[in-house]
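Student: To be precise about what I am sending: the file is called my_file26.tsv and holds TSV, C-alpha atoms.
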chain	number	residue	atom	x	y	z
Z	28	MET	CA	166.37	140.77	177.92
Z	29	GLN	CA	164.56	137.81	176.37
Z	30	PRO	CA	162.90	138.39	172.97
Z	31	VAL	CA	159.10	138.46	173.05
Z	32	PHE	CA	156.20	138.22	170.64
Z	33	ASN	CA	153.40	140.62	171.59
Z	34	ARG	CA	151.68	141.04	168.24
Z	35	ARG	CA	147.94	140.77	167.94
Z	36	HIS	CA	148.06	138.92	164.60
Z	37	LEU	CA	150.49	136.88	162.50
Z	38	LEU	CA	150.04	138.26	158.99
Z	39	GLY	CA	153.50	137.77	157.53
Z	40	ILE	CA	157.22	137.49	158.19
Z	41	ARG	CA	158.33	140.70	156.52
Z	42	ASP	CA	157.35	142.97	159.43
Z	43	LEU	CA	158.71	140.72	162.19
Z	44	SER	CA	162.02	141.38	163.90
Z	45	ALA	CA	164.73	138.75	164.22
Z	46	GLY	CA	163.97	138.61	167.95
Z	47	GLU	CA	160.27	137.95	167.38
Z	48	ILE	CA	161.06	135.18	164.91
Z	49	THR	CA	163.52	133.60	167.34
Z	50	HIS	CA	160.93	133.71	170.13
Z	51	LEU	CA	158.38	131.95	167.89
Z	52	LEU	CA	160.95	129.26	167.04
Z	53	ASP	CA	161.98	128.80	170.68
Z	54	THR	CA	158.34	128.45	171.71
Z	55	ALA	CA	157.75	125.91	168.93
Z	56	GLU	CA	160.76	123.94	170.14
Z	57	THR	CA	159.12	123.67	173.55
Z	58	PHE	CA	155.90	122.36	172.04
Z	59	ARG	CA	157.69	119.93	169.74
Z	60	ASP	CA	158.25	117.68	172.74
Z	61	VAL	CA	154.47	117.39	173.21
Z	62	SER	CA	154.13	115.59	169.88
Z	63	ARG	CA	156.68	113.00	170.96
Z	64	ARG	CA	154.81	111.98	174.09
Z	65	GLU	CA	152.33	109.19	174.56
Z	66	ILE	CA	149.61	111.67	175.54
Z	67	LYS	CA	149.99	114.49	173.04
Z	68	LYS	CA	148.10	117.20	174.88
Z	69	VAL	CA	148.63	120.20	177.18
Z	70	PRO	CA	145.96	122.44	178.74
Z	71	ALA	CA	147.46	125.69	177.42
Z	72	LEU	CA	144.36	126.81	175.44
Z	73	ARG	CA	141.63	124.93	177.26
Z	74	GLY	CA	138.25	126.61	176.75
Z	75	ARG	CA	139.36	128.58	173.67
Z	76	THR	CA	138.03	128.21	170.14
Z	77	ILE	CA	140.07	128.29	166.92
Z	78	ILE	CA	138.30	128.67	163.56
Z	79	ASN	CA	140.04	127.45	160.39
Z	80	LEU	CA	138.64	129.44	157.46
Z	81	PHE	CA	140.14	127.97	154.28
Z	82	PHE	CA	139.07	129.36	150.91
Z	83	GLU	CA	141.62	127.16	149.10
Z	84	PRO	CA	142.13	123.39	149.17
Z	85	SER	CA	144.66	122.27	151.76
Z	86	THR	CA	145.65	119.03	153.43
Z	87	ARG	CA	148.84	119.67	155.40
Z	88	THR	CA	148.23	123.22	156.58
Z	89	ARG	CA	144.60	122.88	157.65
Z	90	THR	CA	145.14	119.50	159.31
Z	91	SER	CA	148.26	120.83	161.01
Z	92	PHE	CA	146.38	123.81	162.47
Z	93	GLU	CA	143.54	121.55	163.60
Z	94	ILE	CA	145.90	119.10	165.32
Z	95	ALA	CA	147.85	122.00	166.86
Z	96	ALA	CA	144.66	123.46	168.36
Z	97	LYS	CA	143.55	120.11	169.76
Z	98	ARG	CA	146.96	119.38	171.29
Z	99	LEU	CA	146.65	122.70	173.09
Z	100	SER	CA	143.20	121.55	174.34
Z	101	ALA	CA	141.38	124.19	172.27
Z	102	ASP	CA	138.23	123.52	170.25
Z	103	ALA	CA	138.99	123.54	166.51
Z	104	VAL	CA	136.23	124.38	164.03
Z	105	ASN	CA	136.84	123.86	160.30
Z	106	VAL	CA	134.66	125.92	157.97
Z	107	SER	CA	134.13	124.32	154.57
Z	108	ILE	CA	133.76	127.12	152.02
Z	109	SER	CA	132.08	124.80	149.50
Z	110	THR	CA	129.13	124.42	151.90
Z	111	SER	CA	129.22	127.91	153.42
Z	112	SER	CA	127.25	131.06	152.65
Z	113	VAL	CA	130.11	132.26	150.43
Z	114	THR	CA	128.59	130.11	147.69
Z	115	LYS	CA	125.42	132.20	148.08
Z	116	GLY	CA	127.22	135.46	147.53
Z	117	GLU	CA	128.28	136.39	151.07
Z	118	THR	CA	131.43	138.51	151.18
Z	119	LEU	CA	134.62	137.54	152.97
Z	120	LEU	CA	134.14	140.32	155.51
Z	121	ASP	CA	130.53	139.34	156.28
Z	122	THR	CA	131.60	135.72	156.70
Z	123	ALA	CA	134.32	136.74	159.14
Z	124	ARG	CA	132.01	139.06	161.08
Z	125	ASN	CA	129.42	136.33	161.45
Z	126	LEU	CA	132.07	133.93	162.70
Z	127	GLU	CA	133.44	136.56	165.06
Z	128	ALA	CA	129.96	137.05	166.50
Z	129	MET	CA	130.34	133.50	167.82
Z	130	ALA	CA	133.32	134.73	169.90
Z	131	PRO	CA	136.26	132.67	168.56
Z	132	ASP	CA	139.64	133.26	170.15
Z	133	CYS	CA	141.53	133.08	166.85
Z	134	ILE	CA	140.73	132.86	163.13
Z	135	VAL	CA	143.13	131.09	160.77
Z	136	ILE	CA	142.55	132.04	157.14
Z	137	ARG	CA	143.85	130.87	153.78
Z	138	HIS	CA	142.68	132.80	150.74
Z	139	SER	CA	143.59	133.07	147.07
Z	140	MET	CA	143.55	136.89	147.31
Z	141	ALA	CA	146.75	138.52	148.52
Z	142	GLY	CA	145.98	140.81	151.44
Z	143	ALA	CA	142.84	139.00	152.64
Z	144	PRO	CA	144.23	138.32	156.17
Z	145	GLN	CA	145.39	141.94	156.49
Z	146	HIS	CA	141.92	143.12	155.52
Z	147	LEU	CA	140.30	140.93	158.18
Z	148	ALA	CA	142.78	142.05	160.83
Z	149	LYS	CA	141.63	145.66	160.36
Z	150	MET	CA	137.96	144.77	160.75
Z	151	CYS	CA	137.90	141.93	163.31
Z	152	ASN	CA	138.66	141.77	167.01
Z	153	ALA	CA	139.84	138.14	167.02
Z	154	PRO	CA	143.54	137.47	166.31
Z	155	ILE	CA	144.11	136.56	162.65
Z	156	VAL	CA	146.67	134.02	161.41
Z	157	ASN	CA	147.67	134.09	157.76
Z	158	ALA	CA	147.76	130.49	156.51
Z	159	GLY	CA	148.65	131.66	152.98
Z	160	ASP	CA	147.28	134.56	150.95
Z	161	GLY	CA	147.61	134.35	147.18
Z	162	SER	CA	151.22	134.70	146.09
Z	163	HIS	CA	151.99	137.02	149.00
Z	164	GLU	CA	153.11	135.19	152.18
Z	165	HIS	CA	152.85	131.94	154.12
Z	166	PRO	CA	154.45	132.79	157.48
Z	167	THR	CA	153.94	129.51	159.34
Z	168	GLN	CA	155.53	127.55	156.48
Z	169	ALA	CA	158.65	129.70	156.70
Z	170	LEU	CA	158.71	129.25	160.48
Z	171	LEU	CA	158.46	125.46	160.26
Z	172	ASP	CA	161.15	125.44	157.58
Z	173	ALA	CA	163.41	127.50	159.84
Z	174	LEU	CA	162.69	125.23	162.81
Z	175	THR	CA	163.61	122.19	160.69
Z	176	ILE	CA	166.85	123.78	159.49
Z	177	ARG	CA	167.76	124.84	163.02
Z	178	GLU	CA	167.04	121.33	164.33
Z	179	TYR	CA	169.46	119.71	161.87
Z	180	LYS	CA	172.04	122.46	161.44
Z	181	GLY	CA	171.93	123.98	164.91
Z	182	HIS	CA	171.73	127.53	163.56
Z	183	LEU	CA	170.69	129.67	160.59
Z	184	ASP	CA	173.29	132.41	160.68
Z	185	GLY	CA	175.91	131.95	157.95
Z	186	LEU	CA	174.15	129.12	156.12
Z	187	LYS	CA	173.80	129.14	152.34
Z	188	VAL	CA	170.25	128.31	151.25
Z	189	ALA	CA	169.18	127.64	147.65
Z	190	ILE	CA	165.49	128.15	146.82
Z	191	LEU	CA	164.65	126.72	143.42
Z	192	GLY	CA	161.65	126.66	141.11
Z	193	ASP	CA	158.50	128.74	140.75
Z	194	ILE	CA	159.56	131.85	142.67
Z	195	LEU	CA	157.03	134.13	140.97
Z	196	HIS	CA	153.91	132.45	142.35
Z	197	SER	CA	155.37	131.17	145.63
Z	198	ARG	CA	154.26	132.70	148.92
Z	199	VAL	CA	156.56	130.13	150.55
Z	200	ALA	CA	159.57	131.64	148.76
Z	201	ARG	CA	158.73	135.17	149.87
Z	202	SER	CA	158.24	134.29	153.54
Z	203	ASN	CA	161.38	132.15	153.59
Z	204	ILE	CA	163.49	134.86	152.00
Z	205	TYR	CA	162.33	137.42	154.57
Z	206	LEU	CA	162.92	135.03	157.49
Z	207	LEU	CA	166.21	133.46	156.45
Z	208	THR	CA	167.90	136.75	155.57
Z	209	LYS	CA	166.72	138.34	158.85
Z	210	LEU	CA	168.42	135.50	160.74
Z	211	GLY	CA	171.69	135.81	158.85
Z	212	ALA	CA	171.43	133.19	156.11
Z	213	SER	CA	172.56	133.83	152.54
Z	214	VAL	CA	169.79	132.93	150.07
Z	215	GLY	CA	170.22	132.16	146.38
Z	216	ILE	CA	167.19	131.74	144.11
Z	217	ALA	CA	166.99	130.22	140.65
Z	218	GLY	CA	164.45	128.97	138.16
Z	219	PRO	CA	163.17	129.64	134.66
Z	220	GLY	CA	163.64	133.29	133.75
Z	221	THR	CA	159.88	133.72	133.51
Z	222	LEU	CA	159.43	132.51	137.09
Z	223	VAL	CA	162.08	134.65	138.80
Z	224	PRO	CA	160.51	138.13	139.01
Z	225	ALA	CA	162.58	141.26	138.68
Z	226	GLU	CA	161.25	142.74	141.95
Z	227	PHE	CA	163.23	140.19	143.93
Z	228	ALA	CA	166.34	142.16	142.96
Z	229	ASP	CA	165.27	144.73	145.58
Z	230	LEU	CA	166.15	142.21	148.29
Z	231	VAL	CA	169.72	141.56	147.12
Z	232	GLU	CA	171.23	143.84	149.78
Z	233	GLN	CA	169.46	141.80	152.48
Z	234	GLY	CA	171.35	138.63	151.60
Z	235	LEU	CA	169.43	137.47	148.53
Z	236	HIS	CA	171.28	136.43	145.38
Z	237	ILE	CA	169.52	135.84	142.09
Z	238	GLU	CA	171.28	133.14	140.09
Z	239	ARG	CA	170.57	132.63	136.42
Z	240	ARG	CA	171.89	129.08	136.46
Z	241	PHE	CA	170.28	126.33	138.53
Z	242	GLU	CA	173.71	124.83	139.27
Z	243	ASP	CA	175.14	128.12	140.58
Z	244	ALA	CA	172.45	128.40	143.23
Z	245	ILE	CA	173.12	124.84	144.44
Z	246	GLU	CA	176.92	125.22	144.50
Z	247	GLY	CA	178.05	124.85	148.13
Z	248	ALA	CA	174.50	125.15	149.49
Z	249	ASP	CA	173.82	123.89	153.02
Z	250	VAL	CA	170.08	123.75	152.35
Z	251	VAL	CA	168.36	123.05	149.02
Z	252	MET	CA	164.68	124.04	149.05
Z	253	ILE	CA	162.55	122.99	146.09
Z	254	LEU	CA	159.27	124.77	145.35
Z	255	ARG	CA	156.13	123.30	143.88
Z	256	ILE	CA	155.07	124.48	140.45
Z	257	GLN	CA	152.01	126.61	141.18
Z	258	ARG	CA	149.98	125.52	138.18
Z	259	GLU	CA	146.72	126.70	139.74
Z	260	ARG	CA	148.08	130.28	139.82
Z	261	GLN	CA	149.68	130.31	136.41
Z	262	GLY	CA	147.43	132.11	133.99
Z	263	ALA	CA	149.92	131.77	131.14
Z	264	ALA	CA	152.55	129.37	129.84
Z	265	PHE	CA	155.71	130.22	131.77
Z	266	PHE	CA	157.68	127.29	130.30
Z	267	PRO	CA	157.15	125.08	127.23
Z	268	SER	CA	156.14	121.86	129.00
Z	269	MET	CA	156.35	119.94	132.26
Z	270	ARG	CA	158.78	117.55	130.60
Z	271	GLU	CA	161.13	120.38	129.66
Z	272	TYR	CA	160.86	121.82	133.18
Z	273	ALA	CA	161.83	118.43	134.63
Z	274	VAL	CA	164.85	118.18	132.32
Z	275	HIS	CA	166.22	121.64	133.08
Z	276	TYR	CA	164.96	122.43	136.59
Z	277	GLY	CA	164.10	119.14	138.27
Z	278	LEU	CA	166.40	118.28	141.18
Z	279	ARG	CA	168.30	115.05	140.55
Z	280	PRO	CA	171.09	113.26	142.45
Z	281	GLN	CA	173.88	114.70	140.28
Z	282	HIS	CA	172.81	118.22	141.27
Z	283	LEU	CA	173.37	117.49	144.95
Z	284	GLU	CA	177.00	116.69	144.22
Z	285	ARG	CA	177.48	120.47	143.88
Z	286	ALA	CA	175.95	121.17	147.29
Z	287	ALA	CA	177.74	120.90	150.64
Z	288	PRO	CA	178.49	117.28	151.68
Z	289	ASP	CA	175.96	117.50	154.51
Z	290	ALA	CA	173.34	119.50	152.59
Z	291	ILE	CA	169.69	118.87	153.42
Z	292	VAL	CA	166.75	118.91	150.99
Z	293	MET	CA	163.36	120.47	151.71
Z	294	HIS	CA	160.02	120.89	149.92
Z	295	PRO	CA	156.81	122.53	151.23
Z	296	GLY	CA	154.61	119.95	149.50
Z	297	PRO	CA	152.71	118.61	147.82
Z	298	ILE	CA	155.50	117.36	145.58
Z	299	ASN	CA	155.28	116.59	141.87
Z	300	ARG	CA	157.53	113.54	141.73
Z	301	GLY	CA	159.74	113.34	138.69
Z	302	ILE	CA	159.07	116.99	137.83
Z	303	GLU	CA	160.47	119.26	140.55
Z	304	ILE	CA	162.30	116.53	142.40
Z	305	SER	CA	163.25	112.92	141.74
Z	306	SER	CA	161.90	110.15	143.98
Z	307	GLU	CA	165.49	109.18	144.84
Z	308	ILE	CA	165.99	112.53	146.54
Z	309	ALA	CA	162.47	112.92	147.97
Z	310	ASP	CA	162.77	109.56	149.72
Z	311	GLY	CA	166.53	109.74	150.36
Z	312	ASN	CA	168.43	110.25	153.60
Z	313	ARG	CA	168.98	113.95	152.90
Z	314	SER	CA	165.28	114.68	152.57
Z	315	LEU	CA	163.57	116.40	155.50
Z	316	ILE	CA	160.16	116.71	153.85
Z	317	LEU	CA	158.37	114.64	156.51
Z	318	ASP	CA	160.30	116.39	159.29
Z	319	GLN	CA	158.87	119.65	157.96
Z	320	VAL	CA	155.37	118.25	158.36
Z	321	THR	CA	156.13	117.18	161.94
Z	322	ASN	CA	157.57	120.58	162.82
Z	323	GLY	CA	154.55	122.25	161.23
Z	324	VAL	CA	152.39	121.09	164.13
Z	325	ALA	CA	154.84	122.47	166.70
Z	326	VAL	CA	155.10	125.83	164.95
Z	327	ARG	CA	151.33	126.18	164.67
Z	328	MET	CA	150.94	125.23	168.31
Z	329	ALA	CA	153.35	128.05	169.16
Z	330	VAL	CA	151.55	130.58	166.96
Z	331	LEU	CA	148.06	129.73	168.27
Z	332	TYR	CA	149.34	129.70	171.83
Z	333	LEU	CA	151.05	133.08	171.60
Z	334	LEU	CA	148.06	134.74	169.94
Z	335	ALA	CA	145.19	133.16	171.91
Z	336	ARG	CA	146.87	132.42	175.24
Z	337	GLY	CA	145.26	135.16	177.33
Z	338	ASN	CA	147.20	136.60	180.27
Z	339	ARG	CA	150.87	136.20	181.17
Z	340	SER	CA	150.26	134.02	184.22
Z	341	GLU	CA	148.61	131.43	181.97
Z	342	GLU	CA	151.61	131.61	179.64
Z	343	ARG	CA	154.07	130.94	182.44
Z	344	GLU	CA	151.88	128.16	183.82
Z	345	ALA	CA	151.57	126.40	180.44
Z	346	ILE	CA	155.30	126.54	179.71
Z	347	ALA	CA	156.10	125.39	183.26
Z	348	HIS	CA	153.68	122.49	182.82
Z	349	VAL	CA	155.39	121.32	179.62
Z	350	LYS	CA	158.86	121.61	181.17
Z	351	LYS	CA	157.77	119.80	184.34
Z	352	GLN	CA	156.39	116.86	182.37
Z	353	LYS	CA	159.60	116.74	180.33
Z	354	ARG	CA	161.70	116.56	183.52
Z	355	GLU	CA	159.46	113.85	184.99
Z	356	ARG	CA	159.82	111.69	181.86
Z	357	LYS	CA	163.59	112.13	182.00
Z	358	VAL	CA	163.68	111.02	185.65
Z	359	ARG	CA	161.53	107.93	184.89
Z	360	LYS	CA	163.87	106.92	182.06
Z	361	GLU	CA	166.89	107.22	184.35
Can the structure in the file be given as structure tokens, please?
Tutor:
Amino acid sequence: MQPVFNRRHLLGIRDLSAGEITHLLDTAETFRDVSRREIKKVPALRGRTIINLFFEPSTRTRTSFEIAAKRLSADAVNVSISTSSVTKGETLLDTARNLEAMAPDCIVIRHSMAGAPQHLAKMCNAPIVNAGDGSHEHPTQALLDALTIREYKGHLDGLKVAILGDILHSRVARSNIYLLTKLGASVGIAGPGTLVPAEFADLVEQGLHIERRFEDAIEGADVVMILRIQRERQGAAFFPSMREYAVHYGLRPQHLERAAPDAIVMHPGPINRGIEISSEIADGNRSLILDQVTNGVAVRMAVLYLLARGNRSEEREAIAHVKKQKRERKVRKE
């Protein structure tokens, strides 16, 4: 029996099964071909409306969701919080209810408060997609990371993944740990002691290893994932200075000598060059940072499609349409 994804919302990775995650990745793989065509559009969500409700600044994620919606032929509406009624004192729930009264088919939300998407999902009829909530989760980032790893490694099961940096404030780290361990990868995390929270020890039995030394986490790693320092969420000094962080925890070429010979390097962006990662690595042939951005569109197409697609006949028709066009292009090339 083929794995399916029948959830009403995408609020996080933690509650998803390995089968649901695999189905999301397989669907994204189908849509990835759309972005490589001359006409980057399919009619899968024609007539539907996607609202992007971002309470935090974002370039990659919001743009990625907008492009994903448009490539599915949906109407994408971006709500700018700086010019919305929130600045007049309107609550998050009232904002969402007012937007829902306009009958959107899906609401994508990013918020600085952990749990905001879950709160909306309880109160709204429209499907909710979590585009990042505080330091809690960022499910589509973990999915695009997994799609990128699977594209270059062919699988996730049995891989050793090192996640390095600001673990404490990283929703990317949490979602990736949940996803990668569910799909059989071994994950090692490392960073300054103040940025590797004790509660992560609860996940050790699921394939997570907490390393006290940066070098130990990288040793033999197939994937090295660097995290951005979340300065906007740090209410205290977690390390003496950025310079000292760069010296002790910045990824440099000599560190990669400890990793597997074919190890790949990833970063969710935006990167702080010379601090978390050297330019030599960020721009080197092992770096898949731009591939992550490309796969982000495919993953978000898959998520929007699966949540806002409507009935099953439309689903089969849309997938058949993509596959048919792929076969036709192959025949023309031959």
Student: Residues near region 224-234 of chain Z, anyone? I mean within 6 Å using only C-alpha atoms, not counting same-chain ones fewer than 4 positions away, as a tab-separated table (two decimals) with C-alpha atoms, in the coordinates of the input.
Tutor:
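The resulting file, selection.tsv, is shown below:
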chain	number	residue	atom	x	y	z
Z	195	LEU	CA	157.03	134.13	140.97
Z	208	THR	CA	167.90	136.75	155.57
Z	213	SER	CA	172.56	133.83	152.54
Student: Can you tell me, as a list of chain:residue names, what residues are no more than 12 Å from Ser100 (chain Z) when counting only C-alpha atoms, ignoring any on the same chain fewer than 2 positions away?
Tutor: Z:Ile66, Z:Lys67, Z:Lys68, Z:Val69, Z:Pro70, Z:Ala71, Z:Leu72, Z:Arg73, Z:Gly74, Z:Arg75, Z:Thr76, Z:Ile77, Z:Glu93, Z:Ile94, Z:Ala95, Z:Ala96, Z:Lys97, Z:Arg98, Z:Asp102, Z:Ala103, Z:Met328, Z:Leu331, Z:Tyr332, Z:Arg336, Z:Ala345
Student: Select from region 174-252 of chain Z every residue with an atom at most 10 Å from any atom of region 314-322 of chain Z, then for each give the shortest pair of atoms and their distance in Å to one decimal, using all atoms listed in the file, rows by chain and rising number, as a Markdown table.
Tutor:
| residue | atom | partner | partner_atom | distance |
| --- | --- | --- | --- | --- |
| Z:Leu174 | CA | Z:Asn322 | CA | 6.9 |
| Z:Thr175 | CA | Z:Gln319 | CA | 6.0 |
| Z:Ile176 | CA | Z:Leu315 | CA | 9.0 |
| Z:Glu178 | CA | Z:Asn322 | CA | 9.6 |
| Z:Tyr179 | CA | Z:Leu315 | CA | 9.3 |
| Z:Val251 | CA | Z:Ser314 | CA | 9.6 |
| Z:Met252 | CA | Z:Ile316 | CA | 9.9 |
Student: Report as a PyMOL selection string all protein, DNA and RNA residues lying within 12 Å of Glu164 (chain Z), evaluated on all atoms listed in the file, omitting residues in the same chain fewer than 2 positions from it.
Tutor: chain Z and resi 37-42+137-145+156-162+166-170+194-206
Student: To one decimal in Å, tell me the separation between CA of Ala123 (chain Z) and CA of Ala153 (chain Z).
Tutor: 9.7 Å
Student: Take CA of Ala212 (chain Z) and CA of Ala287 (chain Z) and report the distance between them in Å, one decimal.
Tutor: 14.9 Å
Student: Kindly extract all protein, DNA and RNA residues lying within 10 Å of the coordinates (157.8, 130.4, 168.1) given in the file, considering all atoms listed in the file, and supply them as a PDB file with C-alpha atoms, keeping the file's coordinate frame.
Tutor:
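Dumped everything to result15.pdb:
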ATOM      1  CA  VAL Z  31     159.100 138.460 173.050  1.00  0.00           C
ATOM      2  CA  PHE Z  32     156.200 138.220 170.640  1.00  0.00           C
ATOM      3  CA  GLU Z  47     160.270 137.950 167.380  1.00  0.00           C
ATOM      4  CA  ILE Z  48     161.060 135.180 164.910  1.00  0.00           C
ATOM      5  CA  THR Z  49     163.520 133.600 167.340  1.00  0.00           C
ATOM      6  CA  HIS Z  50     160.930 133.710 170.130  1.00  0.00           C
ATOM      7  CA  LEU Z  51     158.380 131.950 167.890  1.00  0.00           C
ATOM      8  CA  LEU Z  52     160.950 129.260 167.040  1.00  0.00           C
ATOM      9  CA  ASP Z  53     161.980 128.800 170.680  1.00  0.00           C
ATOM     10  CA  THR Z  54     158.340 128.450 171.710  1.00  0.00           C
ATOM     11  CA  ALA Z  55     157.750 125.910 168.930  1.00  0.00           C
ATOM     12  CA  GLU Z  56     160.760 123.940 170.140  1.00  0.00           C
ATOM     13  CA  THR Z  57     159.120 123.670 173.550  1.00  0.00           C
ATOM     14  CA  PHE Z  58     155.900 122.360 172.040  1.00  0.00           C
ATOM     15  CA  THR Z 167     153.940 129.510 159.340  1.00  0.00           C
ATOM     16  CA  LEU Z 170     158.710 129.250 160.480  1.00  0.00           C
ATOM     17  CA  LEU Z 171     158.460 125.460 160.260  1.00  0.00           C
ATOM     18  CA  LEU Z 174     162.690 125.230 162.810  1.00  0.00           C
ATOM     19  CA  ALA Z 325     154.840 122.470 166.700  1.00  0.00           C
ATOM     20  CA  VAL Z 326     155.100 125.830 164.950  1.00  0.00           C
ATOM     21  CA  ARG Z 327     151.330 126.180 164.670  1.00  0.00           C
ATOM     22  CA  MET Z 328     150.940 125.230 168.310  1.00  0.00           C
ATOM     23  CA  ALA Z 329     153.350 128.050 169.160  1.00  0.00           C
ATOM     24  CA  VAL Z 330     151.550 130.580 166.960  1.00  0.00           C
ATOM     25  CA  LEU Z 331     148.060 129.730 168.270  1.00  0.00           C
ATOM     26  CA  TYR Z 332     149.340 129.700 171.830  1.00  0.00           C
ATOM     27  CA  LEU Z 333     151.050 133.080 171.600  1.00  0.00           C
TER      28      LEU Z 333
END
Student: Just want the 6 Å neighbourhood of Gly215 (chain Z), counted on only C-alpha atoms, with same-chain residues fewer than 5 positions away dropped. Output as number ranges by chain.
Tutor: Z: 189, 235-237, 244
Student: Which neighbours of Ile245 (chain Z) fall inside 12 Å, counting only C-alpha atoms, when residues of the same chain fewer than 4 positions from it are skipped, and could you give them as a ChimeraX atom specification?
Tutor: /Z:187-191,214-218,236-241,249-253,276,278-288,290-292
Student: Considering only C-alpha atoms, state which residue in the set Z:Glu117, Z:Leu207, Z:Ile256, Z:Ser107 is at the smallest distance from Glu303 (chain Z).
Tutor: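 Under the stated criterion, the closest residue is Z:Ile256.
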Student: Work out how far CA of Gly323 (chain Z) is from CA of Arg354 (chain Z), in Å to one decimal.
Tutor: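 These atoms are spaced 24.1 Å apart.
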Student: Rank nothing, just name the residue among Z:Ile78, Z:Ala335, Z:Lys149, Z:Arg87 nearest to Met129 (chain Z), using only C-alpha atoms.
Tutor: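 Ranking Z:Ile78, Z:Ala335, Z:Lys149, Z:Arg87 by distance to Met129 (chain Z), first place goes to Z:Ile78.
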Student: Counting all atoms listed in the file, which residue out of Z:Glu127, Z:Gly185, Z:Glu65, Z:Ala273 sits closest to Leu80 (chain Z)?
Tutor: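 Checking each of Z:Glu127, Z:Gly185, Z:Glu65, Z:Ala273 against Leu80 (chain Z), counting all atoms listed in the file, the winner is Z:Glu127.
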Student: Restricting the calculation to all atoms listed in the file, which member of Z:Arg177, Z:Arg35, Z:His163, Z:Arg255 is positioned closest to Gly277 (chain Z)?
Tutor: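 The shortest atom-to-atom distance to Gly277 (chain Z) comes from Z:Arg255.
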Student: Pick out the closest residue to Met269 (chain Z) from this set: Z:His146, Z:Arg300, Z:His165, Z:His294. Count only C-alpha atoms.
Tutor: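 Smallest separation from Met269 (chain Z) among the options: Z:Arg300.
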